[in-house]
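Here the structure comes first, spelled out in structure tokens, and everything after it is commentary.
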Amino acid sequence: MLAILDYEAGNQTSVRRALDFLDIPCTITAEPNALLQADGVIFPGVGAAGQAMAELGDKGLDAVLKEVVRTGKPLLGICVGCQILLDYSEENDTKTLAILPGECRRFDPSWKDEDGRNLIIPHMGWNGLRRKQECVLLGNVPDEAEFYFVHSYFPVPSPELVLATTFYGQEFASLFGRPGLWATQFHPEKSGRPGLTLLANFHAHCKEATHAQ
Amino acid sequence: MLSKRIIPCLDVRDGRLTKGVKFKGNVDIGDPVDMAKFYSDEGADELVFYDITASSEGRGIMLRVVEEVASKTFIPFSVGGGIRNVADMRAVLLAGAEKISVNSAAVRAPEIISQGAAAFGSQCVVVGMDVLKVPVTLEIPSGYEVVIHGGRTPTGMDALAWARRAQELGAGEICLNSIDADGTKEGYELTLTRLIAESVSIPVIASGGAGKPEHMADALTQGLASAALIASIVHYGEYTIRGIKDILANQGIKVRQVW
């Protein structure tokens with residue numbers, strides 16, 4: 001059973017629909033026990049970093065997330081749920097969870113796209129990945145596969161955590177983390193078959209991790 | 001590198017597609033859910049549904065269609081038509097759409113854009129504009145006027161000024177439909193598309209006039225559009241989305257080719 005973290009700022013129902021489609025048992029919950037007993041936790045997110053942190057803090061979920069990571073339970077953060085795993089976000093000048101080292105910065109509108117035009121912000125649409133390190137989440141995902149992005153801020157994790165990058169005005173980390181603790185700036189739940197494959201890979205890892213304990 | 005998007009548009013009334021879509025095989029050509037799945041499998045980057053239902057009963061049916069599309073396709077889609085307030089937006093987004101599109105309602109009451117952006121984020125709010133070429137006047141210096149009710153009612157508003165205003169109010173994207181080009185299959189209105197795309201910093205979706213892939217190539221290059229909306233050229237089986245993307249890629253346009 002996977003737990004999808006329930007907080008007001010998220011897009012948890014899209015993630016649930018994707019897991020339902022994959023026949024992966026899941027529950028949307030904000031119950032600390034349910035989160036700590038799941039095989040793995042998905043932390044989805046849209047909205048702003050400040051608002052998301054406030055929601056988490058109000059419900060004590062920031063501490064629960066840290067406990068999930070401390071106990072070695074697999075965690076997947078998506079979009080804002082990816083960004084706020086880092087120390088700090090320029091969005092709303094927000095101190096974030098500090099589960100992984102790094103920060104989140106805004107795309108600079110003076111950066112140029114490939115045609116030499118000013119960058120359109122948000123970065124919205126399909127973009128590819130350049131793989132930097134082996135990652136089980138990308139197993140069976142074709143190299144040329146693209147993923148759906150929609151964001152105005154991008155993560156800058158500590159370099160050793162970068163698993164794949166994407167180019168938009170400059171190269172940024174679109175997939176980062178370490179085994180069992182991953183963050184995707186893109187939305188796997190809206191990225192067609194490659195996204196579904198990534199979610200299935202996450203679930204497979206969670207089951208193995210639970211089994212190994 | 002960000003791909004240009006190809007977006008089929010489906011008109012729905014009372015839960016059924018309104019245009020006869022000529023497909024063979026196991027696709028119920030009147031069923032928006034089946035068609036959404038078909039286009040998603042074919043490589044559509046996004047989908048747009050326009051609900052042209054008038055009755056409240058039909059609105060309920062549309063929400064069920066949205067839920068079912070969201071349960072069976074896993075690409076972004078937007079829903080437009082009949083969205084009058086934040087409550088309507090919330091219902092559609094909760095049912096599983098990524099974005100909502102407002103058109104006439106935003107012309108009548110522009111605050112729906114800022115309210116929607118505040119509640120759900122700019123990325124959820126698409127402003128649809130129907131535009132007609134008119135003589136240049138003091139009121140309409142760009143020579144393009146915003147019209148509503150499917151092109152029947154002029155508003156006296158300049159399209160360029162309205163696009164900028166929509167962006168200021170928090171629109172995340174503009175879907176720009178040329179009434180002059182719509183249905184002609186002779187190509188998008190490139191002058192208009194470029195004019196608007198150059199004047200805003202949010203993505204512009206070109207709409208109206210696509211008859212062949214070269215038209216889309218023009219809109220995505222000369223027109224500076226981020227995406228091209230298509231309807232009849234794929235609905236009637238003249239072109240496939242994969243075929244269109246192959247042609248665009250051959251012209252050096254970055255499109256998503258693996259899915």
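In the structure tokens, chains take letters A, B, ... by order of appearance, with residues numbered from 1 within each chain and ligands from 1 in the order shown.
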(message) Using only C-alpha atoms, I'd like every residue of chain B that has an atom within 8 Å of chain A; please write them out as a list in words.
(response)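 Residues satisfying the distance criterion: Met1, Leu2, Ser3, Lys4, Arg5, Ser40, Asp45, Ala70, Ser71, Lys72, Thr73, Phe74, Ile75, Pro76, Leu94, Gly96, Phe120, Gly121, Gln123, Gly172, Ser201, Ile202, Pro203, Arg256, Gln257, Val258 and Trp259 of chain B.
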With C-alpha atoms retained, write the just-selected residues as a PDB file, in the first residue's frame.
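Output (out-v3.pdb):
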ATOM      1  CA  MET B   1      14.445  21.499 -24.728  1.00  0.00           C
ATOM      2  CA  LEU B   2      10.741  22.222 -24.442  1.00  0.00           C
ATOM      3  CA  SER B   3       8.588  20.613 -27.112  1.00  0.00           C
ATOM      4  CA  LYS B   4       5.948  22.437 -29.091  1.00  0.00           C
ATOM      5  CA  ARG B   5       2.553  21.008 -28.245  1.00  0.00           C
ATOM      6  CA  SER B  40      -3.503  10.246 -26.005  1.00  0.00           C
ATOM      7  CA  ASP B  45       0.439  16.404 -25.952  1.00  0.00           C
ATOM      8  CA  ALA B  70      -8.830  11.768 -16.051  1.00  0.00           C
ATOM      9  CA  SER B  71      -9.053   8.119 -14.984  1.00  0.00           C
ATOM     10  CA  LYS B  72      -8.101   6.726 -18.380  1.00  0.00           C
ATOM     11  CA  THR B  73      -5.676   9.195 -19.922  1.00  0.00           C
ATOM     12  CA  PHE B  74      -2.653  10.562 -18.147  1.00  0.00           C
ATOM     13  CA  ILE B  75      -1.852  13.664 -20.119  1.00  0.00           C
ATOM     14  CA  PRO B  76      -2.957  17.203 -19.261  1.00  0.00           C
ATOM     15  CA  LEU B  94     -11.463  18.446  -8.892  1.00  0.00           C
ATOM     16  CA  GLY B  96      -9.435  15.880 -12.927  1.00  0.00           C
ATOM     17  CA  PHE B 120      -5.658  27.520  -8.211  1.00  0.00           C
ATOM     18  CA  GLY B 121      -2.546  29.163  -9.683  1.00  0.00           C
ATOM     19  CA  GLN B 123      -1.049  27.600 -14.675  1.00  0.00           C
ATOM     20  CA  GLY B 172      -1.316  31.332 -17.471  1.00  0.00           C
ATOM     21  CA  SER B 201       5.259  36.451 -21.844  1.00  0.00           C
ATOM     22  CA  ILE B 202       2.871  33.530 -21.360  1.00  0.00           C
ATOM     23  CA  PRO B 203       2.384  30.702 -23.888  1.00  0.00           C
ATOM     24  CA  ARG B 256       7.537  14.935 -28.499  1.00  0.00           C
ATOM     25  CA  GLN B 257       8.028  11.789 -30.545  1.00  0.00           C
ATOM     26  CA  VAL B 258       8.304   9.054 -27.922  1.00  0.00           C
ATOM     27  CA  TRP B 259       5.412   8.309 -25.597  1.00  0.00           C
TER      28      TRP B 259
END
(request) Enumerate as a PyMOL selection string all residues of region 78-176 of chain B assigned to strand (DSSP E) by DSSP on the backbone, naming them with the chain letters and numbers the document uses. (result) chain B and resi 78-80+99-102+125-133+144-148+153-158+173-176
Please, could you write that set of residues out with N, CA, C and O atoms as a CSV table (one decimal), in the first residue's frame?
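Result file follows (result18.csv):
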chain,number,residue,atom,x,y,z
B,78,SER,N,-7.6,20.5,-20.7
B,78,SER,CA,-8.3,21.6,-20.2
B,78,SER,C,-9.8,21.5,-20.6
B,78,SER,O,-10.1,20.8,-21.6
B,79,VAL,N,-10.6,22.2,-19.9
B,79,VAL,CA,-12.1,22.2,-20.2
B,79,VAL,C,-12.5,23.6,-20.2
B,79,VAL,O,-12.2,24.4,-19.3
B,80,GLY,N,-13.2,23.9,-21.3
B,80,GLY,CA,-13.8,25.3,-21.4
B,80,GLY,C,-15.3,25.2,-21.8
B,80,GLY,O,-15.8,24.1,-22.0
B,99,LYS,N,-6.5,22.2,-16.4
B,99,LYS,CA,-6.7,23.7,-16.6
B,99,LYS,C,-8.2,23.9,-17.0
B,99,LYS,O,-8.9,23.0,-17.5
B,100,ILE,N,-8.6,25.1,-16.7
B,100,ILE,CA,-9.9,25.6,-17.2
B,100,ILE,C,-9.7,26.7,-18.1
B,100,ILE,O,-8.8,27.5,-18.0
B,101,SER,N,-10.6,26.8,-19.1
B,101,SER,CA,-10.5,27.9,-20.1
B,101,SER,C,-11.7,28.8,-20.0
B,101,SER,O,-12.9,28.3,-20.0
B,102,VAL,N,-11.5,30.1,-19.9
B,102,VAL,CA,-12.6,31.0,-19.9
B,102,VAL,C,-12.5,31.9,-21.1
B,102,VAL,O,-11.4,32.3,-21.5
B,125,VAL,N,-5.2,28.5,-15.4
B,125,VAL,CA,-6.2,29.5,-16.1
B,125,VAL,C,-5.8,29.8,-17.5
B,125,VAL,O,-4.8,30.5,-17.7
B,126,VAL,N,-6.6,29.3,-18.4
B,126,VAL,CA,-6.3,29.6,-19.8
B,126,VAL,C,-7.4,30.6,-20.2
B,126,VAL,O,-8.6,30.4,-19.9
B,127,VAL,N,-7.0,31.7,-20.9
B,127,VAL,CA,-8.0,32.6,-21.4
B,127,VAL,C,-8.1,32.4,-22.9
B,127,VAL,O,-7.1,32.5,-23.7
B,128,GLY,N,-9.3,32.0,-23.3
B,128,GLY,CA,-9.6,31.8,-24.7
B,128,GLY,C,-10.1,33.1,-25.3
B,128,GLY,O,-10.9,33.8,-24.7
B,129,MET,N,-9.6,33.4,-26.5
B,129,MET,CA,-10.0,34.7,-27.2
B,129,MET,C,-10.4,34.3,-28.6
B,129,MET,O,-9.7,33.7,-29.3
B,130,ASP,N,-11.6,34.8,-29.0
B,130,ASP,CA,-12.1,34.7,-30.4
B,130,ASP,C,-11.8,36.1,-31.0
B,130,ASP,O,-12.3,37.1,-30.4
B,131,VAL,N,-11.1,36.1,-32.1
B,131,VAL,CA,-10.7,37.4,-32.6
B,131,VAL,C,-11.1,37.6,-34.1
B,131,VAL,O,-10.9,36.6,-34.9
B,132,LEU,N,-11.5,38.8,-34.4
B,132,LEU,CA,-11.9,39.1,-35.8
B,132,LEU,C,-11.1,40.3,-36.3
B,132,LEU,O,-10.8,41.2,-35.6
B,133,LYS,N,-10.6,40.2,-37.6
B,133,LYS,CA,-9.9,41.3,-38.2
B,133,LYS,C,-10.9,42.4,-38.5
B,133,LYS,O,-11.9,42.2,-39.1
B,144,TYR,N,-7.5,44.2,-34.6
B,144,TYR,CA,-8.1,42.9,-34.2
B,144,TYR,C,-9.0,43.1,-33.0
B,144,TYR,O,-8.6,43.6,-32.0
B,145,GLU,N,-10.3,42.7,-33.2
B,145,GLU,CA,-11.3,42.9,-32.2
B,145,GLU,C,-11.7,41.5,-31.5
B,145,GLU,O,-11.8,40.5,-32.2
B,146,VAL,N,-11.8,41.6,-30.2
B,146,VAL,CA,-12.3,40.4,-29.5
B,146,VAL,C,-13.8,40.3,-29.7
B,146,VAL,O,-14.6,41.3,-29.6
B,147,VAL,N,-14.3,39.1,-30.1
B,147,VAL,CA,-15.7,38.8,-30.2
B,147,VAL,C,-16.1,37.7,-29.3
B,147,VAL,O,-15.2,36.9,-28.9
B,148,ILE,N,-17.3,37.6,-29.0
B,148,ILE,CA,-17.8,36.5,-28.1
B,148,ILE,C,-19.0,35.8,-28.7
B,148,ILE,O,-19.4,36.2,-29.8
B,153,THR,N,-20.9,38.2,-31.5
B,153,THR,CA,-21.1,39.5,-30.8
B,153,THR,C,-19.7,40.2,-30.7
B,153,THR,O,-18.8,39.8,-30.0
B,154,PRO,N,-19.6,41.4,-31.3
B,154,PRO,CA,-18.4,42.2,-31.1
B,154,PRO,C,-18.4,42.8,-29.8
B,154,PRO,O,-19.4,43.1,-29.2
B,155,THR,N,-17.2,43.0,-29.2
B,155,THR,CA,-17.1,43.6,-27.9
B,155,THR,C,-16.6,45.0,-27.8
B,155,THR,O,-16.6,45.7,-26.8
B,156,GLY,N,-16.0,45.5,-29.0
B,156,GLY,CA,-15.4,46.8,-29.0
B,156,GLY,C,-14.0,46.8,-28.3
B,156,GLY,O,-13.4,47.8,-28.1
B,157,MET,N,-13.5,45.6,-27.9
B,157,MET,CA,-12.2,45.5,-27.2
B,157,MET,C,-11.1,45.1,-28.2
B,157,MET,O,-11.3,44.2,-29.1
B,158,ASP,N,-10.0,45.8,-28.0
B,158,ASP,CA,-8.8,45.5,-28.9
B,158,ASP,C,-8.2,44.1,-28.4
B,158,ASP,O,-7.9,43.9,-27.2
B,173,GLU,N,-2.0,31.2,-19.8
B,173,GLU,CA,-1.9,30.8,-21.2
B,173,GLU,C,-3.0,31.5,-21.9
B,173,GLU,O,-4.1,31.8,-21.4
B,174,ILE,N,-2.8,31.7,-23.2
B,174,ILE,CA,-3.8,32.3,-24.1
B,174,ILE,C,-4.1,31.4,-25.2
B,174,ILE,O,-3.1,30.9,-25.9
B,175,CYS,N,-5.3,31.0,-25.4
B,175,CYS,CA,-5.7,30.2,-26.6
B,175,CYS,C,-6.4,31.2,-27.6
B,175,CYS,O,-7.4,31.7,-27.3
B,176,LEU,N,-5.7,31.4,-28.7
B,176,LEU,CA,-6.0,32.5,-29.6
B,176,LEU,C,-6.7,31.9,-30.8
B,176,LEU,O,-6.0,31.3,-31.7
(request) Would you list, as a VMD selection string, the residues of region 36-212 of chain B that end up in helix (DSSP H, G or I) under DSSP run on this structure's backbone? (result) chain B and resid 36 to 42 56 to 72 86 to 94 104 to 108 111 to 120 122 to 124 159 to 169 190 to 199
Close residues, Glu42 (chain B) itself excluded, 8 Å, only C-alpha atoms, min 2 positions apart in chain, as a PDB file with all heavy atoms, in the first residue's frame:
ATOM      1  N   PHE B  38      -7.882   7.581 -27.407  1.00  0.00           N
ATOM      2  CA  PHE B  38      -7.315   7.374 -28.745  1.00  0.00           C
ATOM      3  C   PHE B  38      -6.227   8.411 -29.038  1.00  0.00           C
ATOM      4  O   PHE B  38      -5.112   8.076 -29.444  1.00  0.00           O
ATOM      5  CB  PHE B  38      -8.443   7.456 -29.784  1.00  0.00           C
ATOM      6  CG  PHE B  38      -7.969   7.319 -31.205  1.00  0.00           C
ATOM      7  CD1 PHE B  38      -7.791   6.073 -31.779  1.00  0.00           C
ATOM      8  CD2 PHE B  38      -7.691   8.453 -31.961  1.00  0.00           C
ATOM      9  CE1 PHE B  38      -7.343   5.956 -33.090  1.00  0.00           C
ATOM     10  CE2 PHE B  38      -7.241   8.342 -33.268  1.00  0.00           C
ATOM     11  CZ  PHE B  38      -7.062   7.089 -33.835  1.00  0.00           C
ATOM     12  N   TYR B  39      -6.552   9.678 -28.809  1.00  0.00           N
ATOM     13  CA  TYR B  39      -5.577  10.736 -29.126  1.00  0.00           C
ATOM     14  C   TYR B  39      -4.374  10.701 -28.191  1.00  0.00           C
ATOM     15  O   TYR B  39      -3.250  10.979 -28.602  1.00  0.00           O
ATOM     16  CB  TYR B  39      -6.246  12.112 -29.074  1.00  0.00           C
ATOM     17  CG  TYR B  39      -7.061  12.432 -30.308  1.00  0.00           C
ATOM     18  CD1 TYR B  39      -8.331  12.981 -30.209  1.00  0.00           C
ATOM     19  CD2 TYR B  39      -6.548  12.197 -31.582  1.00  0.00           C
ATOM     20  CE1 TYR B  39      -9.085  13.282 -31.336  1.00  0.00           C
ATOM     21  CE2 TYR B  39      -7.284  12.484 -32.719  1.00  0.00           C
ATOM     22  CZ  TYR B  39      -8.548  13.028 -32.593  1.00  0.00           C
ATOM     23  OH  TYR B  39      -9.274  13.313 -33.703  1.00  0.00           O
ATOM     24  N   SER B  40      -4.624  10.358 -26.946  1.00  0.00           N
ATOM     25  CA  SER B  40      -3.503  10.246 -26.005  1.00  0.00           C
ATOM     26  C   SER B  40      -2.551   9.141 -26.462  1.00  0.00           C
ATOM     27  O   SER B  40      -1.329   9.320 -26.485  1.00  0.00           O
ATOM     28  CB  SER B  40      -4.064   9.958 -24.610  1.00  0.00           C
ATOM     29  OG  SER B  40      -3.044   9.550 -23.756  1.00  0.00           O
ATOM     30  N   ALA B  44      -1.005  12.822 -28.728  1.00  0.00           N
ATOM     31  CA  ALA B  44      -1.426  14.194 -28.424  1.00  0.00           C
ATOM     32  C   ALA B  44      -0.719  14.649 -27.154  1.00  0.00           C
ATOM     33  O   ALA B  44      -0.550  13.870 -26.215  1.00  0.00           O
ATOM     34  CB  ALA B  44      -2.933  14.255 -28.242  1.00  0.00           C
ATOM     35  N   THR B 240      -2.756  11.769 -39.060  1.00  0.00           N
ATOM     36  CA  THR B 240      -2.628  11.273 -37.691  1.00  0.00           C
ATOM     37  C   THR B 240      -1.703  12.218 -36.933  1.00  0.00           C
ATOM     38  O   THR B 240      -0.901  12.935 -37.542  1.00  0.00           O
ATOM     39  CB  THR B 240      -2.002   9.865 -37.647  1.00  0.00           C
ATOM     40  OG1 THR B 240      -0.658   9.963 -38.140  1.00  0.00           O
ATOM     41  CG2 THR B 240      -2.796   8.883 -38.496  1.00  0.00           C
ATOM     42  N   ILE B 241      -1.810  12.188 -35.630  1.00  0.00           N
ATOM     43  CA  ILE B 241      -0.942  13.063 -34.837  1.00  0.00           C
ATOM     44  C   ILE B 241       0.517  12.652 -35.014  1.00  0.00           C
ATOM     45  O   ILE B 241       1.398  13.492 -35.158  1.00  0.00           O
ATOM     46  CB  ILE B 241      -1.382  13.065 -33.373  1.00  0.00           C
ATOM     47  CG1 ILE B 241      -2.755  13.745 -33.307  1.00  0.00           C
ATOM     48  CG2 ILE B 241      -0.370  13.786 -32.482  1.00  0.00           C
ATOM     49  CD1 ILE B 241      -3.398  13.759 -31.975  1.00  0.00           C
ATOM     50  N   ARG B 242       0.741  11.331 -35.057  1.00  0.00           N
ATOM     51  CA  ARG B 242       2.121  10.886 -35.261  1.00  0.00           C
ATOM     52  C   ARG B 242       2.656  11.383 -36.610  1.00  0.00           C
ATOM     53  O   ARG B 242       3.789  11.862 -36.705  1.00  0.00           O
ATOM     54  CB  ARG B 242       2.218   9.363 -35.185  1.00  0.00           C
ATOM     55  CG  ARG B 242       3.647   8.856 -35.216  1.00  0.00           C
ATOM     56  CD  ARG B 242       3.724   7.346 -35.134  1.00  0.00           C
ATOM     57  NE  ARG B 242       3.445   6.800 -33.813  1.00  0.00           N
ATOM     58  CZ  ARG B 242       4.345   6.751 -32.827  1.00  0.00           C
ATOM     59  NH1 ARG B 242       5.564   7.222 -32.992  1.00  0.00           N
ATOM     60  NH2 ARG B 242       4.028   6.230 -31.663  1.00  0.00           N
TER      61      ARG B 242
END
